[in-house]
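Peer 1: I'm passing along work12.cif; it holds mmCIF, C-alpha atoms.
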data_run
#
loop_
_atom_site.label_atom_id
_atom_site.label_comp_id
_atom_site.auth_asym_id
_atom_site.auth_seq_id
_atom_site.Cartn_x
_atom_site.Cartn_y
_atom_site.Cartn_z
CA MET A 143 -19.20 92.61 -93.60
CA SER A 144 -19.16 90.02 -90.87
CA HIS A 145 -22.31 88.83 -89.19
CA PRO A 146 -22.48 87.60 -85.61
CA ASP A 147 -22.15 83.84 -85.24
CA PRO A 148 -25.73 82.50 -85.31
CA ARG A 149 -24.74 80.02 -82.60
CA GLU A 150 -23.97 82.86 -80.23
CA GLU A 151 -27.15 84.64 -81.27
CA LEU A 152 -29.15 81.49 -80.58
CA ILE A 153 -27.88 81.44 -77.02
CA ALA A 154 -28.97 85.03 -76.55
CA LEU A 155 -32.42 84.16 -77.89
CA LEU A 156 -32.96 81.16 -75.60
CA PRO A 157 -34.87 83.05 -72.88
CA SER A 158 -37.44 84.27 -75.44
CA LEU A 159 -37.61 80.83 -77.01
CA ARG A 160 -38.41 79.35 -73.61
CA ALA A 161 -41.07 81.95 -72.97
CA PHE A 162 -42.65 81.23 -76.35
CA ALA A 163 -42.50 77.48 -75.67
CA MET A 164 -44.13 78.04 -72.29
CA SER A 165 -47.00 79.95 -73.88
CA LEU A 166 -47.64 76.98 -76.17
CA THR A 167 -47.14 74.05 -73.80
CA ARG A 168 -48.04 75.85 -70.55
CA GLN A 169 -45.96 73.29 -68.67
CA PRO A 170 -42.32 74.05 -67.74
CA ALA A 171 -41.01 70.52 -68.31
CA ALA A 172 -42.69 70.23 -71.71
CA ALA A 173 -41.48 73.73 -72.63
CA ASP A 174 -37.87 72.87 -71.83
CA ASP A 175 -38.07 69.62 -73.81
CA LEU A 176 -39.46 71.60 -76.71
CA VAL A 177 -36.66 74.16 -76.51
CA GLN A 178 -34.09 71.35 -76.31
CA ASP A 179 -35.48 69.72 -79.48
CA THR A 180 -35.49 73.12 -81.17
CA VAL A 181 -31.87 73.83 -80.26
CA LEU A 182 -30.77 70.40 -81.54
CA LYS A 183 -32.63 70.86 -84.82
CA ALA A 184 -31.34 74.39 -85.28
CA TRP A 185 -27.76 73.40 -84.48
CA SER A 186 -27.73 70.61 -87.05
CA ASN A 187 -29.39 72.84 -89.66
CA PHE A 188 -27.34 76.00 -89.31
CA ASP A 189 -25.91 75.34 -92.75
CA LYS A 190 -29.44 75.95 -94.10
CA PHE A 191 -29.80 79.23 -92.25
CA GLN A 192 -29.02 82.22 -94.42
CA VAL A 193 -26.71 84.45 -92.42
CA GLY A 194 -28.07 87.97 -92.26
CA THR A 195 -31.73 86.90 -92.35
CA ASN A 196 -34.02 86.82 -89.35
CA LEU A 197 -32.63 84.23 -86.94
CA ARG A 198 -35.32 84.88 -84.34
CA ALA A 199 -38.14 84.12 -86.79
CA TRP A 200 -36.22 81.06 -88.04
CA LEU A 201 -35.83 79.65 -84.52
CA PHE A 202 -39.39 80.42 -83.46
CA THR A 203 -40.58 78.69 -86.64
CA ILE A 204 -38.61 75.54 -85.81
CA LEU A 205 -39.99 75.55 -82.28
CA ARG A 206 -43.52 76.06 -83.49
CA ASN A 207 -43.32 73.34 -86.15
CA THR A 208 -41.90 70.93 -83.57
CA TYR A 209 -44.71 71.73 -81.15
CA TYR A 210 -47.49 71.20 -83.71
CA SER A 211 -45.96 68.03 -85.09
CA ASP A 212 -45.58 66.59 -81.56
CA ARG A 213 -49.12 67.62 -80.78
CA ARG A 214 -50.47 65.84 -83.84
CA LYS A 215 -48.64 62.70 -82.76
CA LYS A 216 -50.04 62.95 -79.25
CA VAL A 217 -53.59 63.50 -80.46
CA ARG A 218 -53.28 60.28 -82.42
CA GLU A 219 -51.92 58.44 -79.39
CA VAL A 220 -54.33 59.71 -76.76
CA GLU A 221 -57.80 60.78 -77.80
CA ASP A 222 -58.49 62.88 -74.74
CA GLY A 223 -55.88 65.04 -73.10
CA ASP A 224 -58.70 67.37 -72.11
CA GLY A 225 -59.30 65.92 -68.68
CA VAL A 226 -56.19 67.51 -67.24
CA LEU A 227 -56.90 70.89 -68.75
CA THR A 228 -60.50 70.88 -67.58
CA ALA A 229 -59.38 70.13 -64.05
CA GLN A 230 -57.00 73.07 -64.18
CA LEU A 231 -59.64 75.44 -65.46
CA SER A 232 -62.17 74.50 -62.83
CA GLU A 233 -59.86 75.81 -60.16
CA LYS A 234 -61.60 78.87 -58.87
CA PRO A 235 -59.80 82.08 -59.89
CA ALA A 236 -59.33 85.00 -57.54
CA HIS A 237 -62.05 87.64 -57.87
CA ASP A 238 -60.34 90.58 -56.28
CA GLY A 239 -60.01 92.74 -59.37
CA ARG A 240 -60.23 92.46 -63.10
CA LEU A 241 -57.23 91.11 -64.94
CA ALA A 242 -55.68 89.68 -61.80
CA MET A 243 -52.87 87.54 -63.15
CA ARG A 244 -54.39 84.27 -62.08
CA ASP A 245 -57.67 85.11 -63.79
CA PHE A 246 -55.78 86.21 -66.85
CA ARG A 247 -53.91 82.92 -67.05
CA VAL A 248 -57.12 80.93 -66.83
CA ALA A 249 -58.55 83.03 -69.64
CA PHE A 250 -55.34 82.85 -71.69
CA ASP A 251 -55.34 79.06 -71.39
CA GLN A 252 -58.77 78.92 -72.98
CA LEU A 253 -57.63 80.52 -76.23
CA THR A 254 -56.70 78.36 -79.18
CA ASP A 255 -52.99 77.63 -79.72
CA GLU A 256 -53.08 79.85 -82.80
CA GLN A 257 -54.52 82.79 -80.86
CA ARG A 258 -52.08 82.36 -77.98
CA GLU A 259 -49.04 82.24 -80.23
CA ALA A 260 -50.13 85.29 -82.27
CA LEU A 261 -50.80 87.29 -79.10
CA ILE A 262 -47.49 86.29 -77.49
CA LEU A 263 -45.46 86.94 -80.63
CA VAL A 264 -46.88 90.37 -81.36
CA GLY A 265 -48.17 91.46 -77.95
CA ALA A 266 -45.24 90.31 -75.82
CA SER A 267 -42.16 89.38 -77.86
CA GLY A 268 -42.16 92.47 -80.03
CA PHE A 269 -42.58 90.67 -83.36
CA SER A 270 -43.99 92.76 -86.18
CA TYR A 271 -47.13 91.41 -87.86
CA GLU A 272 -44.94 90.49 -90.84
CA GLU A 273 -42.44 88.62 -88.70
CA ALA A 274 -45.22 86.76 -86.88
CA ALA A 275 -46.80 85.82 -90.22
CA GLU A 276 -43.45 84.52 -91.45
CA THR A 277 -42.99 82.52 -88.24
CA CYS A 278 -46.49 81.03 -88.36
CA ASN A 279 -46.36 80.51 -92.12
CA CYS A 280 -49.59 82.39 -92.75
CA ALA A 281 -50.82 85.70 -94.14
CA VAL A 282 -50.42 88.95 -92.21
CA GLY A 283 -54.22 89.29 -92.24
CA THR A 284 -54.55 85.90 -90.56
CA ILE A 285 -52.23 87.00 -87.74
CA LYS A 286 -54.22 90.21 -87.32
CA SER A 287 -57.50 88.38 -87.14
CA ARG A 288 -56.15 85.82 -84.65
CA ILE A 289 -54.95 88.67 -82.47
CA ASN A 290 -58.25 90.49 -82.69
CA ARG A 291 -60.23 87.36 -81.88
CA GLY A 292 -57.85 86.43 -79.08
CA ARG A 293 -58.12 89.89 -77.53
CA ALA A 294 -61.89 89.91 -77.85
CA ARG A 295 -62.11 86.48 -76.23
CA LEU A 296 -59.83 87.53 -73.38
CA ALA A 297 -61.85 90.68 -72.79
CA GLU A 298 -65.02 88.61 -72.80
CA LEU A 299 -63.63 86.02 -70.39
CA MET A 300 -62.25 88.72 -68.15
CA GLN A 301 -65.50 90.70 -68.22
CA LEU A 302 -63.61 93.59 -69.77
CA ASN A 303 -66.16 94.62 -72.32
CA ASP A 304 -66.74 98.34 -72.50
CA ASN A 305 -68.70 99.75 -69.58
CA GLU A 306 -68.90 96.40 -67.85
CA ALA A 307 -68.63 96.10 -64.11
CA MET A 308 -65.11 96.69 -62.89
CA GLU A 309 -64.84 93.60 -60.78
CA LEU A 310 -65.41 89.93 -61.34
CA THR A 311 -68.24 89.01 -59.06
CA ASP A 312 -68.68 85.46 -57.91
CA PRO A 313 -71.40 84.65 -60.46
CA ALA A 314 -69.25 86.11 -63.22
CA THR A 315 -66.31 84.06 -62.04
CA MET A 316 -68.44 80.98 -62.00
CA ALA A 317 -69.60 81.72 -65.53
CA VAL A 318 -65.99 81.90 -66.71
CA ILE A 319 -65.27 78.59 -65.04
CA SER A 320 -68.31 76.83 -66.43
CA SER A 321 -67.77 78.19 -69.94
CA GLY A 322 -64.26 76.75 -69.70
CA ARG A 323 -65.70 73.36 -68.87
CA THR A 324 -67.74 73.14 -72.01
CA ALA A 325 -65.38 74.93 -74.37
CA THR A 326 -63.78 72.66 -76.93
CA ALA A 327 -60.14 73.15 -77.72
CA MET B 118 -60.63 111.16 -72.49
CA ALA B 119 -63.60 108.92 -71.79
CA THR B 120 -64.35 108.09 -75.40
CA PRO B 121 -65.28 104.54 -76.39
CA THR B 122 -61.99 104.34 -78.30
CA SER B 123 -59.91 105.11 -75.25
CA ASP B 124 -61.84 102.48 -73.27
CA LYS B 125 -60.99 99.96 -75.92
CA ASP B 126 -57.37 101.09 -75.95
CA ALA B 127 -57.23 100.73 -72.17
CA VAL B 128 -58.54 97.16 -72.39
CA GLN B 129 -55.97 96.35 -75.08
CA LYS B 130 -53.22 97.85 -73.00
CA GLN B 131 -54.19 95.79 -69.97
CA ILE B 132 -54.23 92.65 -72.09
CA ASP B 133 -50.84 93.42 -73.62
CA ASP B 134 -49.37 94.25 -70.20
CA ASN B 135 -50.50 90.88 -68.91
CA LEU B 136 -49.18 89.08 -72.00
CA LYS B 137 -45.80 90.72 -71.43
CA ARG B 138 -45.89 89.70 -67.79
CA ILE B 139 -46.58 86.06 -68.72
CA PHE B 140 -43.80 86.17 -71.30
CA GLU B 141 -41.23 87.88 -69.10
CA GLU B 142 -41.91 85.63 -66.17
CA THR B 143 -40.30 82.80 -68.14
CA ALA B 144 -37.87 84.91 -70.19
CA ASN B 145 -36.32 86.38 -67.03
CA GLN B 146 -35.63 83.00 -65.45
CA PRO B 147 -32.10 81.61 -65.58
CA LEU B 148 -31.66 78.76 -68.05
CA PRO B 149 -32.38 75.35 -66.54
CA ASP B 150 -29.45 72.91 -66.24
CA GLN B 151 -30.97 70.75 -68.97
CA LEU B 152 -30.42 73.50 -71.52
CA SER B 153 -27.12 74.92 -70.33
CA GLN B 154 -25.64 71.40 -70.33
CA LEU B 155 -26.93 70.82 -73.84
CA LEU B 156 -25.28 74.05 -75.00
CA ASP B 157 -21.99 73.09 -73.37
CA GLN B 158 -22.07 69.75 -75.19
CA LEU B 159 -22.88 71.37 -78.53
CA ARG B 160 -20.14 73.97 -78.17
CA GLU B 161 -17.64 71.33 -77.22
CA GLN B 162 -18.50 69.30 -80.33
CA GLU B 163 -18.09 72.47 -82.36
CA THR B 164 -14.55 73.11 -81.14
CA ARG B 165 -13.55 69.49 -81.80
CA LYS B 166 -14.50 69.77 -85.48
#
Give the structure from the file, written as structure tokens.
Peer 2:
Amino acid sequence: MSHPDPREELIALLPSLRAFAMSLTRQPAAADDLVQDTVLKAWSNFDKFQVGTNLRAWLFTILRNTYYSDRRKKVREVEDGDGVLTAQLSEKPAHDGRLAMRDFRVAFDQLTDEQREALILVGASGFSYEEAAETCNCAVGTIKSRINRGRARLAELMQLNDNEAMELTDPATMAVISSGRTATA
Amino acid sequence: MATPTSDKDAVQKQIDDNLKRIFEETANQPLPDQLSQLLDQLREQETRK
């Protein structure tokens, strides 16, 4: 039985890889650099890829490992990258309805990297819990708990707790902003 | 069905819908030149082997 050429499959998977990279870096230029590094690594390591196994999980794993290893390097270089993020978060979100996209982004940005990746993998890219666990090199239970905590945090930030007011009022919006200021990454 | 469970499901659905929107916003974009050029280079190398 012949399998599709993984190189062709990789090309088909690039849009999802970019979207995953974007959810980690949250900056288009950094996301594209990350995807570029991932493609180069994958291309030179295709001999290690077992044809017939999960290429998507393999590629997402390379991208993720590259991101975390770059991040560790950057943390060592610059102690505080927080200034930029804090400035972004203090931008006042729209308050014209719960889960407006802009509000949601602000809330999403406040999650930990691990929560964001678990939510994006399972909630948006259609990964199974098992596939996400394989990609993140952790237990299925860990993925589940990251997703649960991420969802709970989003609901909290978005004032979506059961029976809460339907709309973000100004004070509520301000609370989201100020909690973002003090939150540690 | 205004049970607590369905409220919770509705919240989860809204969250997942927004996650998908964030994801698809990037996934639906055409590839930037940086990446399509890289692929062209890689494929060219491949055919020269």
Peer 1: Would you list the contacts of Glu141 of chain B as a list in words, taking every protein, DNA or RNA residue within 12 Å and counting all atoms listed in the file, but skipping same-chain residues closer than 4 positions in sequence?
Peer 2: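 Near neighbours after the sequence-gap exclusion: Pro157, Ser158, Leu159, Arg160, Ala161, Phe162, Met164, Ser165, Ile262, Gly265, Ala266, Ser267 and Gly268 of chain A; Asp133, Asp134, Asn135, Leu136, Lys137, Asn145, Gln146 and Pro147 of chain B.
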Peer 1: Take atom CA of Ala199 of chain A and atom CA of Thr277 of chain A and report the distance between them in Å, one decimal.
Peer 2: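 Going from atom CA of Ala199 of chain A over to atom CA of Thr277 of chain A covers 5.3 Å.
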Peer 1: Could you tell me which of B:Gln129, B:Thr164, B:Thr143, B:Ser123 comes closest to Arg295 of chain A if we count all atoms listed in the file?
Peer 2: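 Closest to Arg295 of chain A, using all atoms listed in the file: B:Gln129.
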Peer 1: Select, as an MDAnalysis selection string, those residues of chain A with any atom no more than 10 Å from chain B (distances computed using all atoms listed in the file).
Peer 2: chainID A and resid 149:150 153 155:165 170 174:175 177:178 181:182 185:186 240:243 246:247 250 258 261:268 290 293:294 296:297 300 302:305
Peer 1: Can you tell me how far atom CA of Phe269 of chain A sits from atom CA of Gln257 of chain A, in Å to one decimal?
Peer 2: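 We find that atom CA of Phe269 of chain A and atom CA of Gln257 of chain A lie 14.5 Å from each other.
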Peer 1: Give the answer as one residue: which of A:Asn196, A:Arg206, A:Ser211, A:Lys286 has the shortest atom-to-atom distance to Leu166 of chain A, using all atoms listed in the file?
Peer 2: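 Of A:Asn196, A:Arg206, A:Ser211, A:Lys286, the one nearest Leu166 of chain A is A:Arg206, counting all atoms listed in the file.
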Peer 1: Figure out the distance between atom CA of Val217 of chain A and atom CA of Asn187 of chain A, please, to one decimal in Å.
Peer 2: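 So the answer is 27.5 Å.
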Peer 1: Would you list the residues near (-50.5, 85.8, -91.7), meaning any protein, DNA or RNA residue with an atom at most 12 Å from that point in file coordinates, counting only C-alpha atoms, as a list in words?
Peer 2: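 Protein and nucleic acid residues near the point are Glu256, Gln257, Ala260, Val264, Ser270, Tyr271, Glu272, Glu273, Ala274, Ala275, Glu276, Thr277, Cys278, Asn279, Cys280, Ala281, Val282, Gly283, Thr284, Ile285, Lys286, Ser287, Arg288 and Ile289 of chain A.
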Peer 1: Taking N, CA and C atoms as the atom set, what does segment 138-166 of chain B look like once completed, written as a PDB file, in the frame of the given file?
Peer 2:
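Wrote it out as part-v4.pdb, contents follow:
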ATOM      1  N   ARG B 138     -46.235  90.238 -69.100  1.00  0.00           N
ATOM      2  CA  ARG B 138     -45.890  89.700 -67.790  1.00  0.00           C
ATOM      3  C   ARG B 138     -45.737  88.175 -67.866  1.00  0.00           C
ATOM      4  N   ILE B 139     -46.668  87.522 -68.555  1.00  0.00           N
ATOM      5  CA  ILE B 139     -46.580  86.060 -68.720  1.00  0.00           C
ATOM      6  C   ILE B 139     -45.286  85.700 -69.428  1.00  0.00           C
ATOM      7  N   PHE B 140     -44.983  86.449 -70.502  1.00  0.00           N
ATOM      8  CA  PHE B 140     -43.800  86.170 -71.300  1.00  0.00           C
ATOM      9  C   PHE B 140     -42.524  86.386 -70.491  1.00  0.00           C
ATOM     10  N   GLU B 141     -42.464  87.529 -69.806  1.00  0.00           N
ATOM     11  CA  GLU B 141     -41.230  87.880 -69.100  1.00  0.00           C
ATOM     12  C   GLU B 141     -40.982  87.010 -67.883  1.00  0.00           C
ATOM     13  N   GLU B 142     -42.072  86.506 -67.319  1.00  0.00           N
ATOM     14  CA  GLU B 142     -41.910  85.630 -66.170  1.00  0.00           C
ATOM     15  C   GLU B 142     -40.978  84.467 -66.521  1.00  0.00           C
ATOM     16  N   THR B 143     -41.169  83.889 -67.710  1.00  0.00           N
ATOM     17  CA  THR B 143     -40.300  82.800 -68.140  1.00  0.00           C
ATOM     18  C   THR B 143     -38.990  83.336 -68.716  1.00  0.00           C
ATOM     19  N   ALA B 144     -39.070  84.394 -69.510  1.00  0.00           N
ATOM     20  CA  ALA B 144     -37.870  84.910 -70.190  1.00  0.00           C
ATOM     21  C   ALA B 144     -36.824  85.413 -69.191  1.00  0.00           C
ATOM     22  N   ASN B 145     -37.260  85.856 -68.017  1.00  0.00           N
ATOM     23  CA  ASN B 145     -36.320  86.380 -67.030  1.00  0.00           C
ATOM     24  C   ASN B 145     -35.719  85.305 -66.140  1.00  0.00           C
ATOM     25  N   GLN B 146     -36.181  84.076 -66.278  1.00  0.00           N
ATOM     26  CA  GLN B 146     -35.630  83.000 -65.450  1.00  0.00           C
ATOM     27  C   GLN B 146     -34.250  82.600 -65.975  1.00  0.00           C
ATOM     28  N   PRO B 147     -33.368  82.150 -65.081  1.00  0.00           N
ATOM     29  CA  PRO B 147     -32.100  81.610 -65.580  1.00  0.00           C
ATOM     30  C   PRO B 147     -32.358  80.316 -66.349  1.00  0.00           C
ATOM     31  N   LEU B 148     -31.469  79.983 -67.269  1.00  0.00           N
ATOM     32  CA  LEU B 148     -31.660  78.760 -68.050  1.00  0.00           C
ATOM     33  C   LEU B 148     -31.592  77.534 -67.140  1.00  0.00           C
ATOM     34  N   PRO B 149     -32.471  76.577 -67.341  1.00  0.00           N
ATOM     35  CA  PRO B 149     -32.380  75.350 -66.540  1.00  0.00           C
ATOM     36  C   PRO B 149     -31.135  74.560 -66.935  1.00  0.00           C
ATOM     37  N   ASP B 150     -30.660  73.712 -66.002  1.00  0.00           N
ATOM     38  CA  ASP B 150     -29.450  72.910 -66.240  1.00  0.00           C
ATOM     39  C   ASP B 150     -29.546  72.102 -67.531  1.00  0.00           C
ATOM     40  N   GLN B 151     -30.730  71.558 -67.755  1.00  0.00           N
ATOM     41  CA  GLN B 151     -30.970  70.750 -68.970  1.00  0.00           C
ATOM     42  C   GLN B 151     -30.470  71.478 -70.215  1.00  0.00           C
ATOM     43  N   LEU B 152     -30.781  72.754 -70.316  1.00  0.00           N
ATOM     44  CA  LEU B 152     -30.420  73.500 -71.520  1.00  0.00           C
ATOM     45  C   LEU B 152     -28.991  74.005 -71.500  1.00  0.00           C
ATOM     46  N   SER B 153     -28.500  74.430 -70.332  1.00  0.00           N
ATOM     47  CA  SER B 153     -27.120  74.920 -70.330  1.00  0.00           C
ATOM     48  C   SER B 153     -26.153  73.762 -70.575  1.00  0.00           C
ATOM     49  N   GLN B 154     -26.498  72.570 -70.070  1.00  0.00           N
ATOM     50  CA  GLN B 154     -25.640  71.400 -70.330  1.00  0.00           C
ATOM     51  C   GLN B 154     -25.638  71.038 -71.808  1.00  0.00           C
ATOM     52  N   LEU B 155     -26.816  71.110 -72.409  1.00  0.00           N
ATOM     53  CA  LEU B 155     -26.930  70.820 -73.840  1.00  0.00           C
ATOM     54  C   LEU B 155     -26.047  71.777 -74.644  1.00  0.00           C
ATOM     55  N   LEU B 156     -26.091  73.061 -74.290  1.00  0.00           N
ATOM     56  CA  LEU B 156     -25.280  74.050 -75.000  1.00  0.00           C
ATOM     57  C   LEU B 156     -23.793  73.776 -74.832  1.00  0.00           C
ATOM     58  N   ASP B 157     -23.404  73.414 -73.614  1.00  0.00           N
ATOM     59  CA  ASP B 157     -21.990  73.090 -73.370  1.00  0.00           C
ATOM     60  C   ASP B 157     -21.553  71.937 -74.274  1.00  0.00           C
ATOM     61  N   GLN B 158     -22.400  70.904 -74.339  1.00  0.00           N
ATOM     62  CA  GLN B 158     -22.070  69.750 -75.190  1.00  0.00           C
ATOM     63  C   GLN B 158     -21.928  70.172 -76.650  1.00  0.00           C
ATOM     64  N   LEU B 159     -22.886  70.959 -77.120  1.00  0.00           N
ATOM     65  CA  LEU B 159     -22.880  71.370 -78.530  1.00  0.00           C
ATOM     66  C   LEU B 159     -21.647  72.213 -78.848  1.00  0.00           C
ATOM     67  N   ARG B 160     -21.303  73.111 -77.929  1.00  0.00           N
ATOM     68  CA  ARG B 160     -20.140  73.970 -78.170  1.00  0.00           C
ATOM     69  C   ARG B 160     -18.843  73.179 -78.152  1.00  0.00           C
ATOM     70  N   GLU B 161     -18.828  72.180 -77.300  1.00  0.00           N
ATOM     71  CA  GLU B 161     -17.640  71.330 -77.220  1.00  0.00           C
ATOM     72  C   GLU B 161     -17.453  70.559 -78.532  1.00  0.00           C
ATOM     73  N   GLN B 162     -18.540  70.010 -79.037  1.00  0.00           N
ATOM     74  CA  GLN B 162     -18.500  69.300 -80.330  1.00  0.00           C
ATOM     75  C   GLN B 162     -17.983  70.228 -81.427  1.00  0.00           C
ATOM     76  N   GLU B 163     -18.436  71.476 -81.349  1.00  0.00           N
ATOM     77  CA  GLU B 163     -18.090  72.470 -82.360  1.00  0.00           C
ATOM     78  C   GLU B 163     -16.578  72.717 -82.376  1.00  0.00           C
ATOM     79  N   THR B 164     -15.977  72.815 -81.201  1.00  0.00           N
ATOM     80  CA  THR B 164     -14.550  73.110 -81.140  1.00  0.00           C
ATOM     81  C   THR B 164     -13.709  71.898 -81.550  1.00  0.00           C
ATOM     82  N   ARG B 165     -14.291  70.701 -81.444  1.00  0.00           N
ATOM     83  CA  ARG B 165     -13.550  69.490 -81.800  1.00  0.00           C
ATOM     84  C   ARG B 165     -13.525  69.270 -83.308  1.00  0.00           C
ATOM     85  N   LYS B 166     -14.409  69.970 -84.030  1.00  0.00           N
ATOM     86  CA  LYS B 166     -14.500  69.770 -85.480  1.00  0.00           C
ATOM     87  C   LYS B 166     -13.235  70.189 -86.197  1.00  0.00           C
TER      88      LYS B 166
END
